[in-house]
>>> print(open('my_file.pdb').read())   # PDB, C-alpha atoms
ATOM      1  CA  MET A   1      -2.126  40.970   3.523
ATOM      2  CA  THR A   2       1.081  40.144   5.437
ATOM      3  CA  ASP A   3       3.764  37.527   4.836
ATOM      4  CA  ASP A   4       2.197  35.511   7.644
ATOM      5  CA  SER A   5      -1.183  35.106   5.994
ATOM      6  CA  ARG A   6      -2.079  32.040   3.975
ATOM      7  CA  ILE A   7      -1.597  32.021   0.225
ATOM      8  CA  ASP A   8      -4.405  30.704  -1.922
ATOM      9  CA  LEU A   9      -2.922  27.816  -3.887
ATOM     10  CA  SER A  10      -6.222  26.420  -5.119
ATOM     11  CA  ALA A  11      -5.171  27.084  -8.732
ATOM     12  CA  VAL A  12      -2.836  24.082  -8.430
ATOM     13  CA  ASP A  13      -5.118  22.031  -6.157
ATOM     14  CA  PRO A  14      -5.860  18.615  -7.701
ATOM     15  CA  GLY A  15      -8.902  18.356  -5.437
ATOM     16  CA  ALA A  16     -10.484  21.382  -7.119
ATOM     17  CA  ASP A  17     -11.548  19.082  -9.939
ATOM     18  CA  PRO A  18     -13.173  15.942  -8.491
ATOM     19  CA  SER A  19     -13.104  14.211 -11.880
ATOM     20  CA  ARG A  20      -9.346  14.579 -11.983
ATOM     21  CA  LEU A  21      -8.986  12.936  -8.570
ATOM     22  CA  ASP A  22     -11.374  10.192  -9.674
ATOM     23  CA  ARG A  23      -9.300   9.516 -12.780
ATOM     24  CA  SER A  24      -6.117   9.212 -10.765
ATOM     25  CA  ALA A  25      -7.768   7.029  -8.127
ATOM     26  CA  ARG A  26      -9.160   4.730 -10.827
ATOM     27  CA  THR A  27      -5.772   4.482 -12.544
ATOM     28  CA  ILE A  28      -4.075   3.601  -9.265
ATOM     29  CA  ALA A  29      -6.807   1.087  -8.422
ATOM     30  CA  SER A  30      -6.440  -0.673 -11.760
ATOM     31  CA  ARG A  31      -2.659  -0.845 -11.379
ATOM     32  CA  VAL A  32      -2.746  -2.316  -7.870
ATOM     33  CA  ALA A  33      -5.705  -4.635  -8.541
ATOM     34  CA  PRO A  34      -3.544  -7.710  -9.424
ATOM     35  CA  SER A  35      -1.475  -7.253  -6.275
ATOM     36  CA  LEU A  36      -4.559  -6.925  -4.088
ATOM     37  CA  ARG A  37      -6.151  -9.954  -5.738
ATOM     38  CA  ARG A  38      -3.066 -12.028  -4.929
ATOM     39  CA  ARG A  39      -3.288 -10.881  -1.335
ATOM     40  CA  ARG A  40      -6.959 -11.878  -1.106
ATOM     41  CA  GLU A  41      -6.166 -15.337  -2.482
ATOM     42  CA  ARG A  42      -3.249 -15.748  -0.111
ATOM     43  CA  VAL A  43      -5.096 -14.754   3.050
ATOM     44  CA  PRO A  44      -7.578 -17.283   4.443
ATOM     45  CA  PRO A  45     -10.961 -15.817   5.480
ATOM     46  CA  LEU A  46     -10.366 -16.887   9.088
ATOM     47  CA  TRP A  47      -7.287 -14.673   9.217
ATOM     48  CA  ILE A  48      -9.321 -11.690   8.012
ATOM     49  CA  GLU A  49     -11.860 -12.372  10.766
ATOM     50  CA  LEU A  50      -9.110 -12.578  13.371
ATOM     51  CA  VAL A  51      -7.625  -9.289  12.197
ATOM     52  CA  GLU A  52     -11.031  -7.653  12.414
ATOM     53  CA  TRP A  53     -11.674  -9.046  15.907
ATOM     54  CA  ARG A  54      -8.196  -8.714  17.352
ATOM     55  CA  ARG A  55      -8.969  -5.635  19.443
ATOM     56  CA  PRO A  56     -12.069  -6.946  21.260
ATOM     57  CA  VAL A  57     -10.446 -10.374  21.673
ATOM     58  CA  LEU A  58      -7.333  -8.821  23.185
ATOM     59  CA  ALA A  59      -9.479  -6.687  25.499
ATOM     60  CA  ALA A  60     -11.478  -9.729  26.647
ATOM     61  CA  ALA A  61      -8.281 -11.753  27.159
ATOM     62  CA  ALA A  62      -6.829  -8.934  29.241
ATOM     63  CA  LEU A  63      -9.963  -8.868  31.420
ATOM     64  CA  VAL A  64      -9.824 -12.640  31.942
ATOM     65  CA  ALA A  65      -6.131 -12.418  32.813
ATOM     66  CA  VAL A  66      -6.739  -9.672  35.379
ATOM     67  CA  ALA A  67      -9.631 -11.606  36.930
ATOM     68  CA  SER A  68      -7.506 -14.771  37.089
ATOM     69  CA  ILE A  69      -4.638 -12.926  38.744
ATOM     70  CA  ILE A  70      -6.999 -11.491  41.370
ATOM     71  CA  VAL A  71      -8.512 -14.897  42.168
ATOM     72  CA  LEU A  72      -5.165 -16.706  42.254
ATOM     73  CA  THR A  73      -3.358 -14.136  44.382
ATOM     74  CA  ARG A  74      -6.187 -13.793  46.943
ATOM     75  CA  PRO A  75      -5.377 -15.694  50.228
ATOM     76  CA  PRO A  76      -7.721 -18.682  50.803
ATOM     77  CA  SER A  77     -10.469 -18.260  53.397
ATOM     78  CA  THR A  78      -9.426 -20.279  56.505
ATOM     79  CA  THR A  79     -12.932 -20.615  57.977
ATOM     80  CA  ALA A  80     -14.405 -21.852  54.733
ATOM     81  CA  PHE A  81     -11.633 -24.416  54.454
ATOM     82  CA  MET A  82     -12.186 -25.684  57.986
ATOM     83  CA  ALA A  83     -15.971 -25.812  57.628
ATOM     84  CA  SER A  84     -15.999 -27.898  54.477
ATOM     85  CA  PRO A  85     -16.272 -31.662  55.127
ATOM     86  CA  GLY A  86     -13.152 -33.084  53.593
ATOM     87  CA  PRO A  87     -12.488 -36.679  52.570
ATOM     88  CA  GLY A  88     -11.680 -39.037  55.415
ATOM     89  CA  THR A  89      -8.874 -41.077  53.886
ATOM     90  CA  LEU A  90      -6.341 -40.745  51.111
ATOM     91  CA  ALA A  91      -8.211 -43.352  49.011
ATOM     92  CA  GLU A  92     -11.492 -41.401  49.411
ATOM     93  CA  ALA A  93      -9.685 -38.192  48.554
ATOM     94  CA  ALA A  94      -8.489 -39.849  45.337
ATOM     95  CA  GLY A  95     -12.104 -40.664  44.446
ATOM     96  CA  VAL A  96     -12.088 -44.395  45.252
ATOM     97  CA  PRO A  97     -15.607 -45.617  46.271
ATOM     98  CA  PRO A  98     -15.950 -45.983  50.074
ATOM     99  CA  LEU A  99     -16.404 -49.761  49.976
ATOM    100  CA  ALA A 100     -13.290 -50.271  47.843
ATOM    101  CA  ALA A 101     -11.474 -47.712  49.976
ATOM    102  CA  SER A 102     -11.951 -49.929  53.064
ATOM    103  CA  TRP A 103     -10.313 -52.843  51.184
ATOM    104  CA  VAL A 104      -7.395 -50.594  50.279
ATOM    105  CA  GLU A 105      -7.058 -49.379  53.847
ATOM    106  CA  SER A 106      -7.143 -52.930  55.278
ATOM    107  CA  GLY A 107      -4.465 -54.156  52.876
ATOM    108  CA  LEU A 108      -6.307 -57.522  52.499
ATOM    109  CA  PRO A 109      -8.091 -58.879  49.419
ATOM    110  CA  PRO A 110     -11.912 -58.629  49.580
ATOM    111  CA  SER A 111     -13.943 -61.734  50.323
ATOM    112  CA  ASN A 112     -16.390 -63.225  47.836
ATOM    113  CA  GLU A 113     -19.371 -61.913  49.865
ATOM    114  CA  ALA A 114     -17.870 -58.431  49.902
ATOM    115  CA  LEU A 115     -17.426 -58.543  46.127
ATOM    116  CA  LEU A 116     -21.031 -59.636  45.626
ATOM    117  CA  ASP A 117     -22.252 -56.905  48.004
ATOM    118  CA  ALA A 118     -20.217 -54.354  46.124
ATOM    119  CA  ARG A 119     -21.695 -55.511  42.792
ATOM    120  CA  GLU A 120     -25.251 -55.214  44.105
ATOM    121  CA  ALA A 121     -24.600 -51.893  45.737
ATOM    122  CA  PRO A 122     -25.949 -48.864  43.796
TER     123      PRO A 122
ATOM    124  CA  MET B   1      -6.222  18.692   8.670
ATOM    125  CA  ASP B   2      -3.617  19.794  11.196
ATOM    126  CA  ASP B   3      -2.099  16.404  11.896
ATOM    127  CA  PRO B   4      -2.155  14.095   8.872
ATOM    128  CA  ALA B   5      -1.279  10.983  10.890
ATOM    129  CA  ASP B   6      -4.675   9.333  11.250
ATOM    130  CA  PRO B   7      -5.136   6.356  13.625
ATOM    131  CA  ASP B   8      -7.729   5.065  11.187
ATOM    132  CA  ASP B   9      -4.925   4.619   8.649
ATOM    133  CA  ALA B  10      -3.682   1.634  10.678
ATOM    134  CA  ARG B  11      -7.014  -0.147  10.157
ATOM    135  CA  LEU B  12      -6.967   0.680   6.449
ATOM    136  CA  VAL B  13      -3.377  -0.514   6.075
ATOM    137  CA  ALA B  14      -4.308  -3.807   7.777
ATOM    138  CA  ALA B  15      -7.219  -4.189   5.372
ATOM    139  CA  VAL B  16      -5.019  -3.484   2.339
ATOM    140  CA  ARG B  17      -2.609  -6.153   3.557
ATOM    141  CA  CYS B  18      -5.530  -8.555   3.282
ATOM    142  CA  GLY B  19      -6.279  -7.340  -0.252
ATOM    143  CA  ASP B  20      -9.135  -4.900   0.453
ATOM    144  CA  ALA B  21      -9.446  -2.667  -2.633
ATOM    145  CA  ALA B  22     -11.953  -0.310  -0.997
ATOM    146  CA  ALA B  23      -9.507   0.412   1.834
ATOM    147  CA  ALA B  24      -6.791   1.142  -0.728
ATOM    148  CA  ASP B  25      -9.114   3.616  -2.462
ATOM    149  CA  VAL B  26      -9.815   5.425   0.811
ATOM    150  CA  LEU B  27      -6.090   5.776   1.495
ATOM    151  CA  VAL B  28      -5.498   7.138  -2.015
ATOM    152  CA  ARG B  29      -8.246   9.755  -1.779
ATOM    153  CA  ARG B  30      -7.336  10.721   1.782
ATOM    154  CA  HIS B  31      -3.678  11.419   1.048
ATOM    155  CA  PHE B  32      -3.718  12.357  -2.623
ATOM    156  CA  ARG B  33      -3.338  16.102  -2.067
ATOM    157  CA  ALA B  34      -0.388  15.734   0.295
ATOM    158  CA  VAL B  35       1.327  13.386  -2.149
ATOM    159  CA  TRP B  36       0.535  15.763  -4.986
ATOM    160  CA  ALA B  37       1.903  18.725  -3.031
ATOM    161  CA  VAL B  38       5.246  17.052  -2.393
ATOM    162  CA  ALA B  39       5.535  15.729  -5.948
ATOM    163  CA  LEU B  40       4.728  19.144  -7.400
ATOM    164  CA  ALA B  41       7.182  20.803  -5.022
ATOM    165  CA  LEU B  42       9.984  18.524  -6.162
ATOM    166  CA  LEU B  43       9.203  18.301  -9.877
ATOM    167  CA  GLY B  44       7.728  21.682 -10.709
ATOM    168  CA  ASN B  45       5.132  20.623 -13.256
ATOM    169  CA  GLU B  46       1.747  19.041 -12.940
ATOM    170  CA  LEU B  47       2.050  16.156 -15.379
ATOM    171  CA  ASP B  48       5.229  14.804 -13.837
ATOM    172  CA  ALA B  49       3.756  15.344 -10.385
ATOM    173  CA  GLU B  50       0.717  13.298 -11.359
ATOM    174  CA  ASP B  51       2.868  10.482 -12.777
ATOM    175  CA  VAL B  52       4.959  10.348  -9.621
ATOM    176  CA  CYS B  53       1.820  10.490  -7.470
ATOM    177  CA  GLN B  54       0.407   7.429  -9.164
ATOM    178  CA  ASP B  55       3.723   5.568  -9.151
ATOM    179  CA  ALA B  56       4.220   6.303  -5.463
ATOM    180  CA  PHE B  57       0.740   5.119  -4.501
ATOM    181  CA  VAL B  58       1.126   1.934  -6.552
ATOM    182  CA  ARG B  59       4.512   1.198  -5.005
ATOM    183  CA  ALA B  60       3.252   1.922  -1.485
ATOM    184  CA  LEU B  61       0.147  -0.239  -1.856
ATOM    185  CA  GLU B  62       2.095  -3.107  -3.408
ATOM    186  CA  ARG B  63       4.713  -2.958  -0.644
ATOM    187  CA  ILE B  64       2.344  -2.179   2.196
ATOM    188  CA  ASP B  65       3.971  -4.910   4.317
ATOM    189  CA  GLU B  66       7.055  -2.698   4.575
ATOM    190  CA  CYS B  67       5.111   0.058   6.354
ATOM    191  CA  ARG B  68       6.296  -0.496   9.906
ATOM    192  CA  LYS B  69       4.111   2.170  11.561
ATOM    193  CA  PRO B  70       0.706   1.935   9.887
ATOM    194  CA  ASP B  71      -0.748   4.804  11.939
ATOM    195  CA  ARG B  72       1.948   6.994  10.367
ATOM    196  CA  PHE B  73       1.344   5.664   6.878
ATOM    197  CA  VAL B  74       1.338   9.128   5.310
ATOM    198  CA  TYR B  75       4.907   9.923   6.392
ATOM    199  CA  TRP B  76       6.127   6.641   4.929
ATOM    200  CA  LEU B  77       4.172   7.350   1.757
ATOM    201  CA  LEU B  78       5.679  10.825   1.361
ATOM    202  CA  GLN B  79       9.174   9.360   1.656
ATOM    203  CA  ILE B  80       8.331   7.087  -1.257
ATOM    204  CA  VAL B  81       7.093  10.127  -3.198
ATOM    205  CA  ARG B  82      10.386  11.931  -2.567
ATOM    206  CA  ASN B  83      12.396   8.927  -3.708
ATOM    207  CA  ARG B  84      10.304   8.552  -6.857
ATOM    208  CA  ALA B  85      10.571  12.267  -7.594
ATOM    209  CA  HIS B  86      14.346  12.232  -7.189
ATOM    210  CA  ASN B  87      14.567   9.200  -9.473
ATOM    211  CA  ALA B  88      12.368  10.916 -12.044
ATOM    212  CA  ARG B  89      14.626  13.954 -12.061
ATOM    213  CA  ASP B  90      17.783  11.872 -12.156
ATOM    214  CA  HIS B  91      16.579   9.962 -15.183
ATOM    215  CA  ARG B  92      15.669  13.188 -16.949
ATOM    216  CA  ARG B  93      12.133  12.043 -17.474
ATOM    217  CA  VAL B  94      10.795  15.398 -16.379
ATOM    218  CA  ARG B  95       9.002  17.166 -19.168
ATOM    219  CA  SER B  96       9.425  20.881 -19.746
ATOM    220  CA  GLY B  97       5.778  21.556 -18.901
ATOM    221  CA  PRO B  98       2.232  20.537 -19.630
ATOM    222  CA  SER B  99       0.766  21.195 -23.033
ATOM    223  CA  VAL B 100      -2.311  23.390 -23.265
ATOM    224  CA  ASP B 101      -4.441  20.450 -24.393
ATOM    225  CA  GLU B 102      -3.369  18.335 -21.456
ATOM    226  CA  ILE B 103      -4.147  21.088 -18.991
ATOM    227  CA  GLU B 104      -7.568  21.732 -20.430
ATOM    228  CA  VAL B 105      -8.587  18.154 -19.734
ATOM    229  CA  ALA B 106      -7.795  18.672 -16.076
ATOM    230  CA  LEU B 107      -9.496  21.987 -15.539
ATOM    231  CA  PRO B 108     -13.018  22.407 -14.158
ATOM    232  CA  GLY B 109     -15.690  24.949 -14.918
ATOM    233  CA  ASP B 110     -16.533  26.922 -18.012
ATOM    234  CA  ALA B 111     -13.992  28.146 -20.559
ATOM    235  CA  ALA B 112     -13.459  31.648 -19.193
ATOM    236  CA  GLU B 113     -13.030  30.453 -15.652
ATOM    237  CA  ALA B 114     -10.793  27.631 -16.813
ATOM    238  CA  THR B 115      -8.610  30.039 -18.771
ATOM    239  CA  GLU B 116      -8.300  32.381 -15.809
ATOM    240  CA  ARG B 117      -7.520  29.505 -13.512
ATOM    241  CA  ARG B 118      -4.939  28.109 -15.914
ATOM    242  CA  GLU B 119      -3.190  31.461 -16.186
ATOM    243  CA  LEU B 120      -3.039  31.834 -12.437
ATOM    244  CA  GLY B 121      -1.891  28.230 -12.094
ATOM    245  CA  ASP B 122       0.909  28.812 -14.605
ATOM    246  CA  ARG B 123       2.029  31.957 -12.806
ATOM    247  CA  LEU B 124       1.875  30.150  -9.492
ATOM    248  CA  LEU B 125       3.985  27.267 -10.809
ATOM    249  CA  ALA B 126       6.510  29.722 -12.217
ATOM    250  CA  ALA B 127       6.650  31.540  -8.888
ATOM    251  CA  LEU B 128       7.054  28.249  -7.023
ATOM    252  CA  GLU B 129      10.070  27.532  -9.218
ATOM    253  CA  SER B 130      11.867  30.435  -7.550
ATOM    254  CA  LEU B 131      11.696  28.702  -4.156
ATOM    255  CA  THR B 132      13.927  25.979  -2.769
ATOM    256  CA  PRO B 133      12.487  22.427  -2.768
ATOM    257  CA  GLU B 134      12.079  22.606   1.027
ATOM    258  CA  GLN B 135      10.258  25.944   0.818
ATOM    259  CA  ARG B 136       7.954  24.574  -1.879
ATOM    260  CA  GLN B 137       7.099  21.498   0.192
ATOM    261  CA  VAL B 138       6.443  23.567   3.304
ATOM    262  CA  VAL B 139       4.222  26.150   1.610
ATOM    263  CA  LEU B 140       2.261  23.530  -0.352
ATOM    264  CA  LEU B 141       1.728  21.254   2.639
ATOM    265  CA  LYS B 142       0.748  24.211   4.810
ATOM    266  CA  ASP B 143      -1.351  26.361   2.487
ATOM    267  CA  LEU B 144      -2.722  23.712   0.150
ATOM    268  CA  GLU B 145      -3.132  20.735   2.477
ATOM    269  CA  GLY B 146      -3.418  22.530   5.828
ATOM    270  CA  TRP B 147      -0.788  20.582   7.770
ATOM    271  CA  ASP B 148       0.599  22.063  10.970
ATOM    272  CA  HIS B 149       4.305  22.795  11.445
ATOM    273  CA  ARG B 150       4.812  19.759  13.667
ATOM    274  CA  ALA B 151       3.626  17.428  10.931
ATOM    275  CA  ILE B 152       5.562  19.254   8.217
ATOM    276  CA  ALA B 153       8.721  19.177  10.301
ATOM    277  CA  ARG B 154       8.310  15.452  10.988
ATOM    278  CA  SER B 155       7.715  14.747   7.319
ATOM    279  CA  LEU B 156      10.737  16.737   6.125
ATOM    280  CA  GLY B 157      13.046  15.802   8.993
ATOM    281  CA  ILE B 158      13.556  19.411  10.070
ATOM    282  CA  SER B 159      12.704  21.415  13.183
ATOM    283  CA  GLU B 160       9.401  23.238  13.600
ATOM    284  CA  GLY B 161      11.288  26.517  13.745
ATOM    285  CA  MET B 162      12.907  25.783  10.402
ATOM    286  CA  SER B 163       9.531  24.887   8.961
ATOM    287  CA  ARG B 164       8.195  28.300  10.060
ATOM    288  CA  GLN B 165      11.196  30.046   8.520
ATOM    289  CA  HIS B 166      10.707  28.220   5.214
ATOM    290  CA  LEU B 167       7.026  29.149   5.193
ATOM    291  CA  PHE B 168       7.669  32.806   5.916
ATOM    292  CA  ALA B 169      10.324  33.047   3.200
ATOM    293  CA  ALA B 170       8.193  31.126   0.703
ATOM    294  CA  ARG B 171       5.102  33.273   1.227
ATOM    295  CA  ARG B 172       7.105  36.473   0.941
ATOM    296  CA  ALA B 173       8.807  35.303  -2.265
ATOM    297  CA  LEU B 174       5.510  34.210  -3.820
ATOM    298  CA  ARG B 175       3.883  37.551  -3.011
ATOM    299  CA  GLU B 176       6.818  39.415  -4.464
ATOM    300  CA  ARG B 177       6.595  37.457  -7.707
ATOM    301  CA  LEU B 178       2.836  37.218  -8.035
ATOM    302  CA  GLY B 179       1.807  40.491  -6.428
ATOM    303  CA  PRO B 180      -0.930  40.674  -3.832
ATOM    304  CA  THR B 181      -3.574  41.580  -6.408
ATOM    305  CA  ALA B 182      -3.599  38.249  -8.198
ATOM    306  CA  LEU B 183      -3.884  36.310  -4.970
ATOM    307  CA  GLU B 184      -6.579  38.613  -3.572
ATOM    308  CA  ASP B 185      -8.574  38.449  -6.800
ATOM    309  CA  HIS B 186      -8.434  34.704  -6.720
ATOM    310  CA  LEU B 187      -9.396  34.573  -3.059
ATOM    311  CA  ARG B 188     -12.615  36.409  -3.883
ATOM    312  CA  ASP B 189     -13.652  33.672  -6.352
TER     313      ASP B 189
END
>>> encode(input="my_file.pdb", output="structure tokens")
Amino acid sequence: MTDDSRIDLSAVDPGADPSRLDRSARTIASRVAPSLRRRRERVPPLWIELVEWRRPVLAAAALVAVASIIVLTRPPSTTAFMASPGPGTLAEAAGVPPLAASWVESGLPPSNEALLDAREAP
Amino acid sequence: MDDPADPDDARLVAAVRCGDAAAADVLVRRHFRAVWAVALALLGNELDAEDVCQDAFVRALERIDECRKPDRFVYWLLQIVRNRAHNARDHRRVRSGPSVDEIEVALPGDAAEATERRELGDRLLAALESLTPEQRQVVLLKDLEGWDHRAIARSLGISEGMSRQHLFAARRALRERLGPTALEDHLRD
């Protein structure tokens, strides 16, 4: 046996007697019980759930952020833009119905017949 | 257990902050021996070490919000143990030693084995008294709890080389005082 070899200290090991460890653990538990109870009453259940789920939620948020960055930083496809039929006028682009858009474009108030036609139109 | 810093401690600390008693119990059982080792190293007798152990755990669990690095909970806990042990010594609350009756309650096994174990324990405690507090902490954390030198050095705020020197000196001094026979006999048990 050299000075480098381990010394057996199990004679002073509290873990050698499981009942001793249990006694200490129970004593500690009873002493901290009021403090833990106060914490449970103070913390809403939703907060506990959020703490439990924070890692997967953060991971999912990171994935969404990366996907968003990729989509937003990608240059738009020119051919797809040209091929799509765009709105003809500014009023149509703003979502104004075509019949009303023609009144806007003309700058004149609609006639009574036009109003009736517009009402009967689907 | 080479490295006592367990990433799972962070989860347990978070649970204790929410009032989880089961998580607190796991932390106590996981780190009890390390806490005991440091308390015994600084106080020199088992009853005072046990008192300080319990006080330190209670203080740590009640002030768990102050643990800034939950994955390194054990290092923070051991600092509390050291502070409590120093306070205990300063206030002269340290008893001269455990009574026979008190020790018998804590000992396992049958009477003959318990007596033999108690005698060896007493001799070991007396031999530990001959070491410096740093040497006692190093040898107890290494040979009782199985920590590596990196963890011991981090816990004590010393270099790994110094930790190795303390261990070498402590083991040599213990063997000189106890004799190799007692330790070898006990190792065969």
>>> resolve_selection(input="my_file.pdb", expression="the PyMOL selection byres ((chain A) within 9 of (chain B))", output="PyMOL selection string")
chain A and resi 1-22+24-29+31-33+35-43+47-48+51-52
>>> atom_distance(input="my_file.pdb", atom1="CA of Leu43 in chain B", atom2="CA of Ser155 in chain B")
17.6 Å
>>> axis_aligned_box(input="my_file.pdb", around="range 75-91 of chain B", padding_each_side="8 Å", output="JSON")
{"center_x": 11.0, "center_y": 10.3, "center_z": -4.4, "size_x": 29.6, "size_y": 23.3, "size_z": 37.6}
>>> residues_around(input="my_file.pdb", residues="Leu90 in chain A", least_positions_apart="3", cutoff="12 Å", atoms="only C-alpha atoms", output="mmCIF file with C-alpha atoms, in the coordinates of the input")
data_model
loop_
_atom_site.group_PDB
_atom_site.id
_atom_site.type_symbol
_atom_site.label_atom_id
_atom_site.label_comp_id
_atom_site.auth_asym_id
_atom_site.auth_seq_id
_atom_site.Cartn_x
_atom_site.Cartn_y
_atom_site.Cartn_z
ATOM 1 C CA GLY A 86 -13.152 -33.084 53.593
ATOM 2 C CA PRO A 87 -12.488 -36.679 52.570
ATOM 3 C CA ALA A 93 -9.685 -38.192 48.554
ATOM 4 C CA ALA A 94 -8.489 -39.849 45.337
ATOM 5 C CA GLY A 95 -12.104 -40.664 44.446
ATOM 6 C CA VAL A 96 -12.088 -44.395 45.252
ATOM 7 C CA PRO A 97 -15.607 -45.617 46.271
ATOM 8 C CA PRO A 98 -15.950 -45.983 50.074
ATOM 9 C CA ALA A 101 -11.474 -47.712 49.976
ATOM 10 C CA SER A 102 -11.951 -49.929 53.064
ATOM 11 C CA VAL A 104 -7.395 -50.594 50.279
ATOM 12 C CA GLU A 105 -7.058 -49.379 53.847
#
>>> atom_distance(input="my_file.pdb", atom1="CA of Ile152 in chain B", atom2="CA of Glu129 in chain B")
19.8 Å
>>> atom_distance(input="my_file.pdb", atom1="CA of Cys67 in chain B", atom2="CA of Thr132 in chain B")
28.9 Å
>>> resolve_selection(input="my_file.pdb", expression="the PyMOL selection byres ((chain B and resi 10) around 10)", output="list in words")
Ala5, Asp6, Pro7, Asp8, Asp9, Arg11, Leu12, Val13, Ala14, Ala15, Val16, Cys67, Lys69, Pro70, Asp71, Arg72 and Phe73 of chain B
>>> write_last_selection(input="my_file.pdb", atoms="C-alpha atoms", output="mmCIF file, in the frame of the given file")
data_model
loop_
_atom_site.group_PDB
_atom_site.id
_atom_site.type_symbol
_atom_site.label_atom_id
_atom_site.label_comp_id
_atom_site.auth_asym_id
_atom_site.auth_seq_id
_atom_site.Cartn_x
_atom_site.Cartn_y
_atom_site.Cartn_z
ATOM 1 C CA ALA B 5 -1.279 10.983 10.890
ATOM 2 C CA ASP B 6 -4.675 9.333 11.250
ATOM 3 C CA PRO B 7 -5.136 6.356 13.625
ATOM 4 C CA ASP B 8 -7.729 5.065 11.187
ATOM 5 C CA ASP B 9 -4.925 4.619 8.649
ATOM 6 C CA ARG B 11 -7.014 -0.147 10.157
ATOM 7 C CA LEU B 12 -6.967 0.680 6.449
ATOM 8 C CA VAL B 13 -3.377 -0.514 6.075
ATOM 9 C CA ALA B 14 -4.308 -3.807 7.777
ATOM 10 C CA ALA B 15 -7.219 -4.189 5.372
ATOM 11 C CA VAL B 16 -5.019 -3.484 2.339
ATOM 12 C CA CYS B 67 5.111 0.058 6.354
ATOM 13 C CA LYS B 69 4.111 2.170 11.561
ATOM 14 C CA PRO B 70 0.706 1.935 9.887
ATOM 15 C CA ASP B 71 -0.748 4.804 11.939
ATOM 16 C CA ARG B 72 1.948 6.994 10.367
ATOM 17 C CA PHE B 73 1.344 5.664 6.878
#
>>> resolve_selection(input="my_file.pdb", expression="the PyMOL selection byres ((chain B and resi 81) around 8)", output="PyMOL selection string")
chain B and resi 35+38-39+52-53+56+77-80+82-85
>>> write_last_selection(input="my_file.pdb", atoms="C-alpha atoms", output="PDB file, in the frame of the given file")
ATOM      1  CA  VAL B  35       1.327  13.386  -2.149  1.00  0.00           C
ATOM      2  CA  VAL B  38       5.246  17.052  -2.393  1.00  0.00           C
ATOM      3  CA  ALA B  39       5.535  15.729  -5.948  1.00  0.00           C
ATOM      4  CA  VAL B  52       4.959  10.348  -9.621  1.00  0.00           C
ATOM      5  CA  CYS B  53       1.820  10.490  -7.470  1.00  0.00           C
ATOM      6  CA  ALA B  56       4.220   6.303  -5.463  1.00  0.00           C
ATOM      7  CA  LEU B  77       4.172   7.350   1.757  1.00  0.00           C
ATOM      8  CA  LEU B  78       5.679  10.825   1.361  1.00  0.00           C
ATOM      9  CA  GLN B  79       9.174   9.360   1.656  1.00  0.00           C
ATOM     10  CA  ILE B  80       8.331   7.087  -1.257  1.00  0.00           C
ATOM     11  CA  ARG B  82      10.386  11.931  -2.567  1.00  0.00           C
ATOM     12  CA  ASN B  83      12.396   8.927  -3.708  1.00  0.00           C
ATOM     13  CA  ARG B  84      10.304   8.552  -6.857  1.00  0.00           C
ATOM     14  CA  ALA B  85      10.571  12.267  -7.594  1.00  0.00           C
TER      15      ALA B  85
END
